[in-house]
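Asker: Okay, so here is upload03.csv, and as you'll see once you scroll down, it has CSV, C-alpha atoms and all ligand atoms.
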chain,number,residue,atom,x,y,z
V,298,MET,CA,-23.4,6.4,-20.4
V,299,ASP,CA,-19.6,6.6,-20.6
V,300,LYS,CA,-17.9,3.4,-21.9
V,301,THR,CA,-14.3,2.1,-21.9
V,302,GLU,CA,-12.6,-1.1,-22.8
V,303,ILE,CA,-10.6,-1.3,-19.6
V,304,LEU,CA,-11.3,0.7,-16.5
V,305,ILE,CA,-8.4,0.9,-14.0
V,306,ILE,CA,-9.2,2.2,-10.5
V,307,GLY,CA,-6.2,3.6,-8.6
V,308,SER,CA,-3.0,5.1,-10.0
V,309,GLY,CA,-0.3,3.8,-7.6
V,310,PRO,CA,2.5,1.7,-9.0
V,311,ALA,CA,0.1,-1.2,-9.7
V,312,GLY,CA,-2.5,1.0,-11.6
V,313,LEU,CA,0.1,2.9,-13.6
V,314,LYS,CA,1.8,-0.3,-14.8
V,315,ALA,CA,-1.5,-1.9,-15.5
V,316,SER,CA,-2.5,1.1,-17.7
V,317,LEU,CA,0.8,1.0,-19.6
V,318,SER,CA,0.7,-2.7,-20.2
V,319,ALA,CA,-3.0,-2.9,-21.3
V,320,ALA,CA,-2.6,0.2,-23.5
V,321,GLY,CA,0.7,-1.2,-24.9
V,322,GLN,CA,-1.3,-4.3,-26.1
V,323,GLY,CA,-3.7,-1.9,-28.0
V,324,ALA,CA,-6.6,-1.7,-25.5
V,325,GLU,CA,-8.3,1.6,-24.8
V,326,VAL,CA,-7.8,2.4,-21.1
V,327,THR,CA,-9.5,4.8,-18.6
V,328,LEU,CA,-7.5,5.3,-15.4
V,329,VAL,CA,-9.4,6.9,-12.4
V,330,GLU,CA,-7.6,8.3,-9.3
V,331,ARG,CA,-9.3,10.0,-6.4
V,332,ASP,CA,-6.2,12.2,-5.7
V,333,PRO,CA,-5.4,15.2,-7.8
V,334,PHE,CA,-2.1,13.5,-8.9
V,335,LEU,CA,-1.0,10.1,-10.1
V,336,GLY,CA,1.4,7.8,-8.2
V,337,GLY,CA,-0.3,6.5,-5.0
V,338,GLN,CA,2.0,5.9,-2.2
V,339,LEU,CA,5.1,6.5,-4.4
V,340,VAL,CA,4.5,10.3,-4.3
V,341,LYS,CA,5.4,10.4,-0.6
V,342,GLN,CA,8.5,8.2,-0.8
V,343,THR,CA,11.6,10.4,-0.7
V,344,HIS,CA,13.9,7.5,0.3
V,345,MET,CA,15.8,5.3,-2.2
V,346,PHE,CA,14.2,2.0,-3.0
V,347,PHE,CA,15.7,-1.2,-2.0
V,348,GLY,CA,15.8,-4.4,-4.2
V,349,SER,CA,17.3,-4.9,-7.6
V,350,LYS,CA,18.1,-2.5,-10.4
V,351,GLU,CA,15.3,-3.9,-12.6
V,352,HIS,CA,12.9,-2.9,-9.9
V,353,TYR,CA,14.1,0.7,-9.5
V,354,ALA,CA,16.5,0.1,-6.6
V,355,SER,CA,18.3,3.3,-5.6
V,356,GLU,CA,15.7,5.4,-7.3
V,357,ARG,CA,13.5,7.6,-5.1
V,358,GLY,CA,9.8,6.7,-5.0
V,359,TYR,CA,8.5,10.1,-6.1
V,360,LYS,CA,10.9,10.0,-9.1
V,361,ILE,CA,9.5,6.6,-10.1
V,362,ALA,CA,6.0,8.1,-9.8
V,363,GLU,CA,7.0,11.1,-11.9
V,364,ASN,CA,8.4,9.0,-14.7
V,365,LEU,CA,5.6,6.5,-14.9
V,366,SER,CA,2.9,9.3,-14.6
V,367,ARG,CA,4.5,11.1,-17.6
V,368,GLU,CA,4.5,7.9,-19.7
V,369,VAL,CA,0.8,7.3,-18.8
V,370,LYS,CA,-0.3,10.9,-19.6
V,371,GLU,CA,1.6,10.9,-22.9
V,372,HIS,CA,0.1,7.5,-24.0
V,373,PRO,CA,-2.6,8.1,-26.6
V,374,GLY,CA,-4.5,5.0,-25.5
V,375,ILE,CA,-4.9,6.1,-21.9
V,376,ARG,CA,-7.5,8.6,-20.6
V,377,VAL,CA,-6.6,9.9,-17.2
V,378,LEU,CA,-9.3,11.1,-14.7
V,379,CYS,CA,-7.8,12.5,-11.5
V,380,ASP,CA,-9.9,13.9,-8.6
V,381,THR,CA,-12.3,11.1,-9.4
V,382,THR,CA,-13.4,8.5,-6.9
V,383,ALA,CA,-14.9,5.1,-7.9
V,384,LEU,CA,-17.8,4.8,-5.5
V,385,GLY,CA,-19.6,1.6,-6.4
V,386,TYR,CA,-19.8,-1.4,-8.6
V,387,TYR,CA,-23.3,-2.5,-9.7
V,388,GLU,CA,-24.6,-5.9,-10.9
V,389,ASP,CA,-24.8,-4.8,-14.5
V,390,GLY,CA,-21.1,-4.1,-14.6
V,391,ILE,CA,-21.5,-0.4,-14.2
V,392,VAL,CA,-19.1,1.7,-12.0
V,393,SER,CA,-20.2,4.9,-10.4
V,394,LEU,CA,-17.8,7.8,-10.2
V,395,GLU,CA,-17.7,11.1,-8.3
V,396,SER,CA,-15.7,14.1,-9.3
V,397,GLY,CA,-16.1,17.6,-7.8
V,398,GLY,CA,-19.6,16.8,-6.5
V,399,ARG,CA,-20.7,15.4,-9.9
V,400,PHE,CA,-21.8,11.8,-10.2
V,401,THR,CA,-21.4,9.8,-13.4
V,402,VAL,CA,-21.4,6.2,-14.5
V,403,ILE,CA,-19.1,4.2,-16.7
V,404,LYS,CA,-19.4,0.7,-18.2
V,405,PRO,CA,-16.1,-1.0,-18.8
V,406,GLN,CA,-15.6,-4.3,-20.7
V,407,ALA,CA,-12.9,-5.3,-18.2
V,408,LEU,CA,-12.1,-3.8,-14.8
V,409,ILE,CA,-8.7,-3.7,-12.9
V,410,ILE,CA,-9.0,-2.8,-9.2
V,411,ALA,CA,-5.7,-1.3,-7.9
V,412,THR,CA,-7.0,0.7,-5.0
V,413,GLY,CA,-4.1,-0.1,-2.6
V,414,ALA,CA,-4.5,-0.2,1.2
V,415,GLN,CA,-5.5,1.8,4.2
V,416,GLU,CA,-3.6,2.2,7.5
V,417,ASN,CA,-4.4,0.2,10.6
V,418,THR,CA,-4.7,2.0,13.9
V,419,LEU,CA,-4.7,1.2,17.6
V,420,MET,CA,-7.2,1.7,20.4
V,421,PHE,CA,-6.1,3.0,23.7
V,422,PRO,CA,-7.3,5.7,26.1
V,423,ASN,CA,-7.3,9.1,24.5
V,424,CYS,CA,-6.3,7.7,21.1
V,425,ASP,CA,-8.4,10.4,19.5
V,426,LEU,CA,-6.3,13.3,20.8
V,427,PRO,CA,-5.1,15.8,18.1
V,428,GLY,CA,-1.4,14.9,17.5
V,429,ILE,CA,-2.0,11.1,17.0
V,430,TYR,CA,-1.5,10.2,13.3
V,431,GLY,CA,-1.0,7.3,11.0
V,432,ALA,CA,2.5,7.1,9.4
V,433,GLY,CA,1.0,7.7,6.0
V,434,ALA,CA,-0.6,10.9,7.1
V,435,VAL,CA,2.7,12.1,8.6
V,436,GLN,CA,4.5,11.2,5.3
V,437,THR,CA,1.8,13.1,3.3
V,438,LEU,CA,2.1,16.2,5.6
V,439,MET,CA,5.9,16.3,5.4
V,440,ASN,CA,6.8,15.0,1.9
V,441,VAL,CA,3.8,16.2,-0.1
V,442,HIS,CA,2.8,19.4,1.7
V,443,GLY,CA,6.1,20.3,3.4
V,444,ILE,CA,4.5,20.6,6.8
V,445,LEU,CA,6.2,19.2,10.0
V,446,PRO,CA,3.7,17.2,12.1
V,447,GLY,CA,5.3,18.4,15.4
V,448,LYS,CA,8.5,18.8,17.3
V,449,ARG,CA,8.9,15.4,19.2
V,450,VAL,CA,7.4,12.3,17.7
V,451,ALA,CA,7.2,8.8,19.1
V,452,MET,CA,6.7,6.0,16.6
V,453,ILE,CA,4.7,2.9,17.1
V,454,GLY,CA,5.8,0.1,14.9
V,455,ALA,CA,9.3,-1.0,13.8
V,456,GLY,CA,8.4,-2.4,10.4
V,457,ASN,CA,9.9,-0.9,7.3
V,458,ILE,CA,7.3,2.0,7.2
V,459,GLY,CA,7.7,2.9,10.9
V,460,VAL,CA,11.5,2.9,10.6
V,461,ILE,CA,11.7,4.8,7.3
V,462,VAL,CA,9.2,7.5,8.4
V,463,SER,CA,11.3,7.9,11.7
V,464,TYR,CA,14.4,8.4,9.6
V,465,GLN,CA,12.5,11.0,7.4
V,466,LEU,CA,11.4,12.8,10.6
V,467,LEU,CA,15.0,13.0,11.8
V,468,GLN,CA,16.1,14.3,8.4
V,469,ALA,CA,13.4,17.0,8.7
V,470,GLY,CA,14.8,18.1,12.1
V,471,VAL,CA,12.1,16.5,14.3
V,472,GLU,CA,13.2,14.7,17.5
V,473,VAL,CA,12.2,11.0,17.7
V,474,PRO,CA,12.7,9.8,21.3
V,475,ALA,CA,11.7,6.2,20.6
V,476,ILE,CA,10.3,3.6,18.3
V,477,ILE,CA,8.0,1.2,20.1
V,478,GLU,CA,7.4,-2.3,18.8
V,479,ALA,CA,5.0,-4.9,20.2
V,480,GLN,CA,6.8,-7.9,18.6
V,481,PRO,CA,9.9,-9.2,20.2
V,482,ARG,CA,11.8,-8.6,16.9
V,483,ILE,CA,12.2,-5.6,14.6
V,484,GLY,CA,10.3,-6.2,11.4
V,485,ALA,CA,12.2,-3.6,9.2
V,486,TYR,CA,15.1,-4.5,7.0
V,487,HIS,CA,18.3,-4.4,9.0
V,488,VAL,CA,19.8,-1.6,6.8
V,489,HIS,CA,16.9,0.7,7.8
V,490,ALA,CA,16.9,-0.3,11.5
V,491,SER,CA,20.7,0.1,11.9
V,492,ARG,CA,20.6,3.5,10.3
V,493,VAL,CA,18.0,4.9,12.9
V,494,ARG,CA,19.8,3.2,15.7
V,495,ARG,CA,23.1,4.8,14.6
V,496,MET,CA,21.3,8.1,14.8
V,497,GLY,CA,20.5,7.4,18.5
V,498,ILE,CA,16.8,6.3,18.3
V,499,PRO,CA,16.2,3.5,20.8
V,500,ILE,CA,13.9,0.7,19.5
V,501,TYR,CA,11.9,-0.8,22.4
V,502,THR,CA,10.7,-4.3,21.3
V,503,SER,CA,8.0,-6.1,23.3
V,504,HIS,CA,6.6,-2.7,24.2
V,505,THR,CA,3.3,-1.0,23.5
V,506,VAL,CA,1.5,2.3,24.2
V,507,LEU,CA,-0.9,2.2,27.2
V,508,THR,CA,-2.3,5.7,27.3
V,509,ALA,CA,-2.1,9.1,25.7
V,510,HIS,CA,-2.3,12.2,27.8
V,511,GLY,CA,-3.2,15.8,27.0
V,512,ARG,CA,-5.9,18.4,27.3
V,513,GLU,CA,-6.3,20.1,23.9
V,514,SER,CA,-3.8,17.9,22.1
V,515,LEU,CA,-1.2,15.2,22.8
V,516,GLU,CA,1.3,16.1,25.6
V,517,LYS,CA,2.8,12.7,26.6
V,518,VAL,CA,2.3,8.9,26.2
V,519,THR,CA,2.7,6.1,28.7
V,520,ILE,CA,4.4,3.0,27.2
V,521,SER,CA,5.1,-0.3,28.9
V,522,GLN,CA,6.8,-3.6,28.2
V,523,ILE,CA,4.5,-6.5,27.3
V,524,GLY,CA,4.9,-10.2,28.2
V,525,PRO,CA,4.6,-13.3,26.0
V,526,ASP,CA,0.8,-13.1,26.7
V,527,TRP,CA,0.7,-9.6,25.2
V,528,GLN,CA,-0.3,-8.1,28.5
V,529,PRO,CA,1.5,-5.1,30.0
V,530,VAL,CA,4.2,-6.0,32.6
V,531,ALA,CA,3.5,-4.0,35.8
V,532,GLY,CA,6.2,-1.7,36.9
V,533,THR,CA,7.8,-1.3,33.4
V,534,GLU,CA,5.8,1.9,32.5
V,535,LYS,CA,7.7,4.8,31.0
V,536,GLU,CA,6.4,8.3,30.1
V,537,LEU,CA,7.5,10.0,26.9
V,538,ALA,CA,6.8,13.7,26.5
V,539,VAL,CA,5.8,14.1,22.8
V,540,ASP,CA,3.5,16.3,20.8
V,541,VAL,CA,2.9,13.6,18.1
V,542,LEU,CA,2.4,9.9,18.2
V,543,CYS,CA,2.8,8.2,14.9
V,544,ILE,CA,1.1,4.8,14.4
V,545,SER,CA,2.6,2.4,11.9
V,546,VAL,CA,1.0,-1.0,12.6
V,547,GLY,CA,0.3,-2.4,9.2
V,548,LEU,CA,-2.1,-1.9,6.3
V,549,THR,CA,-5.4,-3.4,5.3
V,550,PRO,CA,-6.3,-3.9,1.6
V,551,LEU,CA,-9.0,-1.5,0.3
V,552,THR,CA,-11.4,-4.2,-0.9
V,553,GLU,CA,-14.8,-2.6,-0.8
V,554,LEU,CA,-15.3,-2.6,-4.6
V,555,LEU,CA,-14.2,-6.3,-4.8
V,556,PHE,CA,-16.9,-7.2,-2.1
V,557,GLN,CA,-19.5,-5.2,-4.0
V,558,ALA,CA,-18.6,-7.0,-7.3
V,559,GLY,CA,-19.3,-10.3,-5.6
V,560,CYS,CA,-15.7,-11.6,-5.9
V,561,SER,CA,-14.9,-14.6,-3.7
V,562,MET,CA,-12.8,-13.3,-0.8
V,563,ALA,CA,-10.5,-15.1,1.7
V,564,TYR,CA,-9.1,-14.0,5.0
V,565,ILE,CA,-5.3,-14.3,4.7
V,566,PRO,CA,-3.6,-12.5,7.7
V,567,GLU,CA,-0.1,-12.8,6.1
V,568,LEU,CA,-1.4,-10.6,3.2
V,569,GLY,CA,-3.2,-8.0,5.4
V,570,GLY,CA,-6.7,-9.4,5.8
V,571,HIS,CA,-9.5,-10.1,3.4
V,572,ILE,CA,-8.3,-10.4,-0.2
V,573,SER,CA,-9.8,-11.7,-3.4
V,574,VAL,CA,-9.4,-15.2,-4.6
V,575,ARG,CA,-7.8,-15.0,-8.1
V,576,SER,CA,-6.1,-17.0,-10.8
V,577,ASP,CA,-2.4,-16.8,-11.8
V,578,THR,CA,-3.3,-14.1,-14.2
V,579,LEU,CA,-4.9,-12.1,-11.4
V,580,GLU,CA,-8.4,-12.5,-12.6
V,581,THR,CA,-10.9,-12.7,-9.7
V,582,THR,CA,-13.7,-15.2,-9.5
V,583,VAL,CA,-15.9,-12.6,-11.4
V,584,PRO,CA,-14.9,-12.9,-15.1
V,585,ASN,CA,-13.1,-9.8,-16.5
V,586,ILE,CA,-12.4,-8.3,-13.0
V,587,PHE,CA,-8.7,-8.2,-12.1
V,588,VAL,CA,-6.8,-7.2,-9.0
V,589,CYS,CA,-3.2,-6.0,-8.6
V,590,GLY,CA,-0.9,-4.4,-6.0
V,591,ASP,CA,-1.6,-3.9,-2.2
V,592,VAL,CA,-5.4,-4.4,-2.6
V,593,GLY,CA,-4.6,-8.0,-3.6
V,594,GLY,CA,-2.3,-8.5,-0.6
V,595,ILE,CA,0.1,-6.1,1.2
V,596,GLU,CA,3.5,-6.3,-0.4
V,597,GLU,CA,5.8,-3.7,-2.0
V,598,ALA,CA,5.8,-1.3,-4.9
V,599,SER,CA,8.1,-3.5,-6.9
V,600,SER,CA,5.7,-6.4,-6.8
V,601,ALA,CA,2.7,-4.1,-7.3
V,602,MET,CA,4.3,-2.9,-10.6
V,603,VAL,CA,4.8,-6.4,-11.9
V,604,GLU,CA,1.3,-7.5,-10.8
V,605,GLY,CA,0.0,-4.4,-12.6
V,606,SER,CA,1.7,-5.5,-15.8
V,607,ILE,CA,0.2,-9.0,-15.4
V,608,ALA,CA,-3.3,-7.7,-14.8
V,609,GLY,CA,-3.0,-5.2,-17.7
V,610,LEU,CA,-1.8,-7.8,-20.2
V,611,SER,CA,-4.4,-10.3,-19.1
V,612,ALA,CA,-7.4,-7.9,-19.1
V,613,ALA,CA,-6.3,-6.9,-22.7
V,614,LEU,CA,-6.0,-10.5,-23.7
V,615,ASN,CA,-9.6,-11.2,-22.5
V,616,LEU,CA,-10.7,-8.5,-25.0
V,617,GLY,CA,-8.7,-10.0,-27.8
V,618,PHE,CA,-5.6,-7.7,-27.7
V,619,GLY,CA,-2.0,-8.8,-27.8
V,620,VAL,CA,-2.7,-12.5,-28.4
V,621,ASP,CA,0.7,-13.2,-30.1
V,622,SER,CA,2.9,-11.5,-27.5
V,623,TYR,CA,0.9,-12.4,-24.4
V,624,ALA,CA,2.5,-15.8,-23.4
V,625,GLY,CA,6.1,-14.4,-23.6
V,626,LYS,CA,5.3,-11.2,-21.7
V,627,LEU,CA,3.4,-13.1,-19.0
V,628,ALA,CA,6.2,-15.7,-18.5
V,629,ALA,CA,8.7,-12.8,-18.1
V,630,ALA,CA,6.5,-11.0,-15.6
V,631,ARG,CA,5.9,-14.2,-13.6
V,632,ARG,CA,9.6,-14.9,-13.4
V,633,GLU,CA,10.1,-11.3,-12.1
V,634,LEU,CA,7.5,-11.9,-9.4
V,635,ASP,CA,9.0,-15.2,-8.3
V,636,ASP,CA,12.4,-13.5,-8.0
V,637,LEU,CA,11.0,-10.7,-5.9
V,638,ARG,CA,9.3,-13.2,-3.6
V,639,ARG,CA,12.4,-15.4,-3.2
V,640,GLY,CA,14.4,-15.8,0.0
V,641,PRO,CA,13.6,-15.0,3.6
V,642,VAL,CA,12.1,-11.5,2.7
V,643,GLY,CA,9.3,-13.1,0.7
V,644,GLU,CA,8.6,-15.9,3.2
V,645,LYS,CA,5.4,-14.3,4.6
V,646,ILE,CA,4.0,-13.5,1.1
V,647,ARG,CA,4.7,-17.0,-0.2
V,648,SER,CA,3.0,-18.6,2.8
V,649,GLY,CA,0.0,-16.2,2.3
V,650,LEU,CA,-0.3,-17.0,-1.4
V,651,GLU,CA,0.0,-20.8,-0.6
V,652,ARG,CA,-2.9,-20.5,1.8
V,653,LEU,CA,-4.9,-18.4,-0.8
V,654,SER,CA,-4.4,-21.2,-3.4
V,655,SER,CA,-6.5,-23.6,-1.2
V,656,PHE,CA,-9.4,-21.1,-1.4
V,657,ARG,CA,-8.9,-21.0,-5.2
V,658,GLU,CA,-9.6,-24.7,-5.4
V,659,VAL,CA,-12.8,-24.3,-3.4
V,660,ALA,CA,-14.0,-21.4,-5.6
V,661,GLN,CA,-13.4,-23.4,-8.9
V,701,LIG,C1,6.8,4.6,4.2
V,701,LIG,C2,6.8,3.6,3.0
V,701,LIG,C3,7.9,3.2,2.5
V,701,LIG,C4,7.9,2.2,1.4
V,701,LIG,N1,9.1,1.8,0.8
V,701,LIG,C5,9.1,1.0,-0.2
V,701,LIG,C6,10.3,0.6,-0.9
V,701,LIG,O1,11.4,1.1,-0.6
V,701,LIG,N2,10.2,-0.3,-1.9
V,701,LIG,C7,9.0,-0.8,-2.3
V,701,LIG,O2,9.0,-1.6,-3.2
V,701,LIG,N3,7.8,-0.5,-1.7
V,701,LIG,C8,7.8,0.4,-0.6
V,701,LIG,N4,6.6,0.7,0.0
V,701,LIG,C9,5.4,0.0,-0.3
V,701,LIG,C10,4.7,0.6,-1.5
V,701,LIG,O3,4.6,2.0,-1.4
V,701,LIG,C11,3.3,0.0,-1.7
V,701,LIG,O4,3.4,-1.4,-1.7
V,701,LIG,C12,2.8,0.3,-3.1
V,701,LIG,O5,2.6,1.8,-3.2
V,701,LIG,C13,1.4,-0.4,-3.4
V,701,LIG,O6,1.0,0.1,-4.7
V,701,LIG,P1,-0.5,0.1,-5.1
V,701,LIG,O7,-0.5,0.6,-6.5
V,701,LIG,O8,-1.1,-1.3,-4.9
V,701,LIG,O9,-1.3,1.0,-4.1
V,701,LIG,P2,-1.1,2.6,-3.7
V,701,LIG,O10,0.3,3.1,-4.0
V,701,LIG,O11,-1.6,2.7,-2.4
V,701,LIG,O12,-2.1,3.3,-4.8
V,701,LIG,C14,-3.5,3.1,-4.7
V,701,LIG,C15,-4.1,4.3,-5.4
V,701,LIG,O13,-5.5,4.0,-5.5
V,701,LIG,C16,-6.2,5.2,-5.2
V,701,LIG,N5,-7.6,4.9,-4.9
V,701,LIG,C17,-8.0,4.1,-3.8
V,701,LIG,N6,-9.4,3.9,-3.8
V,701,LIG,C18,-9.8,4.6,-4.9
V,701,LIG,C19,-11.1,4.8,-5.4
V,701,LIG,N7,-12.2,4.2,-4.9
V,701,LIG,N8,-11.3,5.6,-6.5
V,701,LIG,C20,-10.2,6.1,-7.1
V,701,LIG,N9,-8.9,6.0,-6.6
V,701,LIG,C21,-8.7,5.2,-5.6
V,701,LIG,C22,-5.5,5.9,-4.1
V,701,LIG,O14,-5.7,7.3,-4.0
V,701,LIG,C23,-4.0,5.6,-4.5
V,701,LIG,O15,-3.5,6.6,-5.3
V,701,LIG,C24,6.6,1.6,1.0
V,701,LIG,C25,5.4,2.1,1.6
V,701,LIG,C26,5.5,3.1,2.6
V,701,LIG,C27,4.2,3.6,3.2
Would you give me this structure, written as structure tokens?
Answerer:
Amino acid sequence: MDKTEILIIGSGPAGLKASLSAAGQGAEVTLVERDPFLGGQLVKQTHMFFGSKEHYASERGYKIAENLSREVKEHPGIRVLCDTTALGYYEDGIVSLESGGRFTVIKPQALIIATGAQENTLMFPNCDLPGIYGAGAVQTLMNVHGILPGKRVAMIGAGNIGVIVSYQLLQAGVEVPAIIEAQPRIGAYHVHASRVRRMGIPIYTSHTVLTAHGRESLEKVTISQIGPDWQPVAGTEKELAVDVLCISVGLTPLTELLFQAGCSMAYIPELGGHISVRSDTLETTVPNIFVCGDVGGIEEASSAMVEGSIAGLSAALNLGFGVDSYAGKLAAARRELDDLRRGPVGEKIRSGLERLSSFREVAQ
């Protein structure tokens, strides 16, 4: 059976940073990624990052992925297994892997789960017509494979992802007749929302999609205003002729492996749903299993990277690596996380984490 000191599942910003920090302390790391390339969501992000310079502001996501991936691949302490999916976690601490139809098992001394999140979707009549996509799929088609999803795309969701993907569609020459948002307010940062509005895209708040229409594929959608009771307001229906409907209504952490491992879980809506209860060093209630990034609560790439560093340092420490440098490095990373979560932008995250801390007391 294959063995490793630290197994890291998922190579988004969280998993990449976790690998570098654990290996930097001297631990031997195996990083598994189901995609053929490293980088997770970053690979699709052609826009410049927001935030501060220390957190890669003004750099493009795919460039950040390129740089971190190069560092990981060149590090002698990190073994990279792409095209490899972690399928299951077993009671004896064994993880099963699949690659190219071949099944293997690996036993790590410590495990870091950095599997990210999956997109939420919506149910409405004909929601399974070809032409109805998640925003992540549209980004993958355009920015990874260079394929336009269609000619006229309506976007559901005016959070950062919906607004950024709408802008990227415009840049690619696609028409975007409207962004439709159920909440009475736009969730995206103003800088992004103002940009798409300046380019002539209306953002209909307090609106939703009622029905999709089409025979072989999507031809149009009916949208309508919704009242404070979230019910459609009769007489406000509009039809939009579109060949693509792009749905961007949030993400849910990919927690299957955490459930399988028996980690205590808590339902925290502010952080995207069920997430694992964990300590300040991101260790779950199962000793030597750590969590970082979106799988531990939907946030951003910048915080995913800092969490990755904390999980990597802490997993290495549990195995006896980096004892002298740990406290200083951990304190610096915690300060960075606090800075990222400060102010109105971090309000939702702070409230979710506060709620999570009450579950922590119960689990102890
Ligand atoms: C359109 C858009 C714009 C964004 N803009 C910004 C921005 O400007 N600034 C910012 O800070 N953040 C931004 N974000 C958010 C950011 O991309 C995410 O918060 C971040 O990627 C989360 O990192 P992660 O490592 O936790 O997960 P991910 O990046 O999702 O990576 C998880 C990885 O795990 C792999 N994986 C999952 N399950 C398995 C398994 N069982 N076996 C093997 N591999 C597995 C996946 O293939 C994936 O590569 C944006 C997101 C989107 C969608």
Asker: Just to confirm, what's the straight-line distance from atom CA of Gly337 of chain V to atom CA of Gly413 of chain V in Å (one decimal)?
Answerer: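 According to the coordinates, atom CA of Gly337 of chain V and atom CA of Gly413 of chain V are separated by 8.0 Å.
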Asker: Taking all atoms listed in the file and a cut-off of 6 Å, can you tell me which residues surround ligand LIG 701 (chain V), written as a PyMOL selection string?
Answerer: chain V and resi 306-312+329-332+336-339+346-347+381-384+411-414+433+458+461-462+590-592+596-599+601
Asker: As a list in words, please: the residues near Thr437 of chain V (cut-off 10 Å, all atoms listed in the file, same-chain neighbours under 6 positions excluded).
Answerer: Gln338, Val340, Lys341, Gln342, Gly443, Ile444 and Pro446 of chain V
Asker: Residues within 12 Å of (15.6, 7.0, 1.7), file coordinates, counting only C-alpha atoms: what are they? Give the list as JSON, numbers by chain.
Answerer: {"V": [341, 342, 343, 344, 345, 346, 347, 354, 355, 356, 357, 358, 359, 440, 457, 458, 460, 461, 462, 463, 464, 465, 466, 467, 468, 488, 489, 492, 493]}
Asker: For Gly609 of chain V, list every protein, DNA or RNA residue within 12 Å, evaluated using only C-alpha atoms, and leave out those in the same chain fewer than 5 positions away; present the list as number ranges by chain.
Answerer: V: 302-305, 311-328, 407-411, 578-580, 585-590, 601-604, 614-616, 618-619, 623, 626-627, 630
Asker: In Å to one decimal, how far is atom CA of Ala629 of chain V from atom CA of Arg367 of chain V?
Answerer: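 Between these atoms lies a distance of 24.3 Å.
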Asker: Using only C-alpha atoms, which of the listed residues (V:Pro529, V:Gly570, V:Gly447, V:Gly559) sits closest to Gly593 of chain V?
Answerer: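 Ranking V:Pro529, V:Gly570, V:Gly447, V:Gly559 by distance to Gly593 of chain V, first place goes to V:Gly570.
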Asker: Counting all atoms listed in the file, write as a short mmCIF file (atom, residue, chain, number, x, y, z; two decimals) with C-alpha atoms, in the coordinates of the input all protein and nucleic acid residues lying at most 12 Å from (-0.6, -11.6, 26.1) in the file's frame.
Answerer:
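File out-v2.cif, as written:
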data_model
loop_
_atom_site.label_atom_id
_atom_site.label_comp_id
_atom_site.auth_asym_id
_atom_site.auth_seq_id
_atom_site.Cartn_x
_atom_site.Cartn_y
_atom_site.Cartn_z
CA ALA V 479 5.00 -4.90 20.20
CA GLN V 480 6.80 -7.90 18.60
CA SER V 503 8.00 -6.10 23.30
CA HIS V 504 6.60 -2.70 24.20
CA THR V 505 3.30 -1.00 23.50
CA GLN V 522 6.80 -3.60 28.20
CA ILE V 523 4.50 -6.50 27.30
CA GLY V 524 4.90 -10.20 28.20
CA PRO V 525 4.60 -13.30 26.00
CA ASP V 526 0.80 -13.10 26.70
CA TRP V 527 0.70 -9.60 25.20
CA GLN V 528 -0.30 -8.10 28.50
CA PRO V 529 1.50 -5.10 30.00
CA VAL V 530 4.20 -6.00 32.60
#
Asker: Find the residue from V:Gly547, V:Ala563, V:Glu513, V:Val642 that sits nearest to Gly431 of chain V; use all atoms listed in the file when measuring.
Answerer: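 Closest to Gly431 of chain V of all the choices is V:Gly547.
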Asker: What does the structure give for the distance between atom CA of Ser545 of chain V and atom CA of Thr533 of chain V, in Å to one decimal?
Answerer: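 Going from atom CA of Ser545 of chain V over to atom CA of Thr533 of chain V covers 22.4 Å.
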Asker: Calculated over only C-alpha atoms, which of the candidates V:Gly456, V:Thr502, V:Ala608, V:Ser600 has the smallest distance to Leu637 of chain V?
Answerer: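 So, comparing all the options, the nearest one is V:Ser600.
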Asker: Box for segment 364-373 of chain V - axis-aligned, 6 Å on each of the six sides, all listed atoms - centre and size in Å to one decimal, as AutoDock Vina command-line options.
Answerer:
--center_x 2.9 --center_y 8.8 --center_z -20.6 --size_x 23.0 --size_y 16.6 --size_z 24.0
Asker: Between V:Lys300, V:Arg575, V:Lys404, V:Arg399, which has the minimum distance to Phe656 of chain V (counting all atoms listed in the file)?
Answerer: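 Selected residue with least distance to Phe656 of chain V: V:Arg575.
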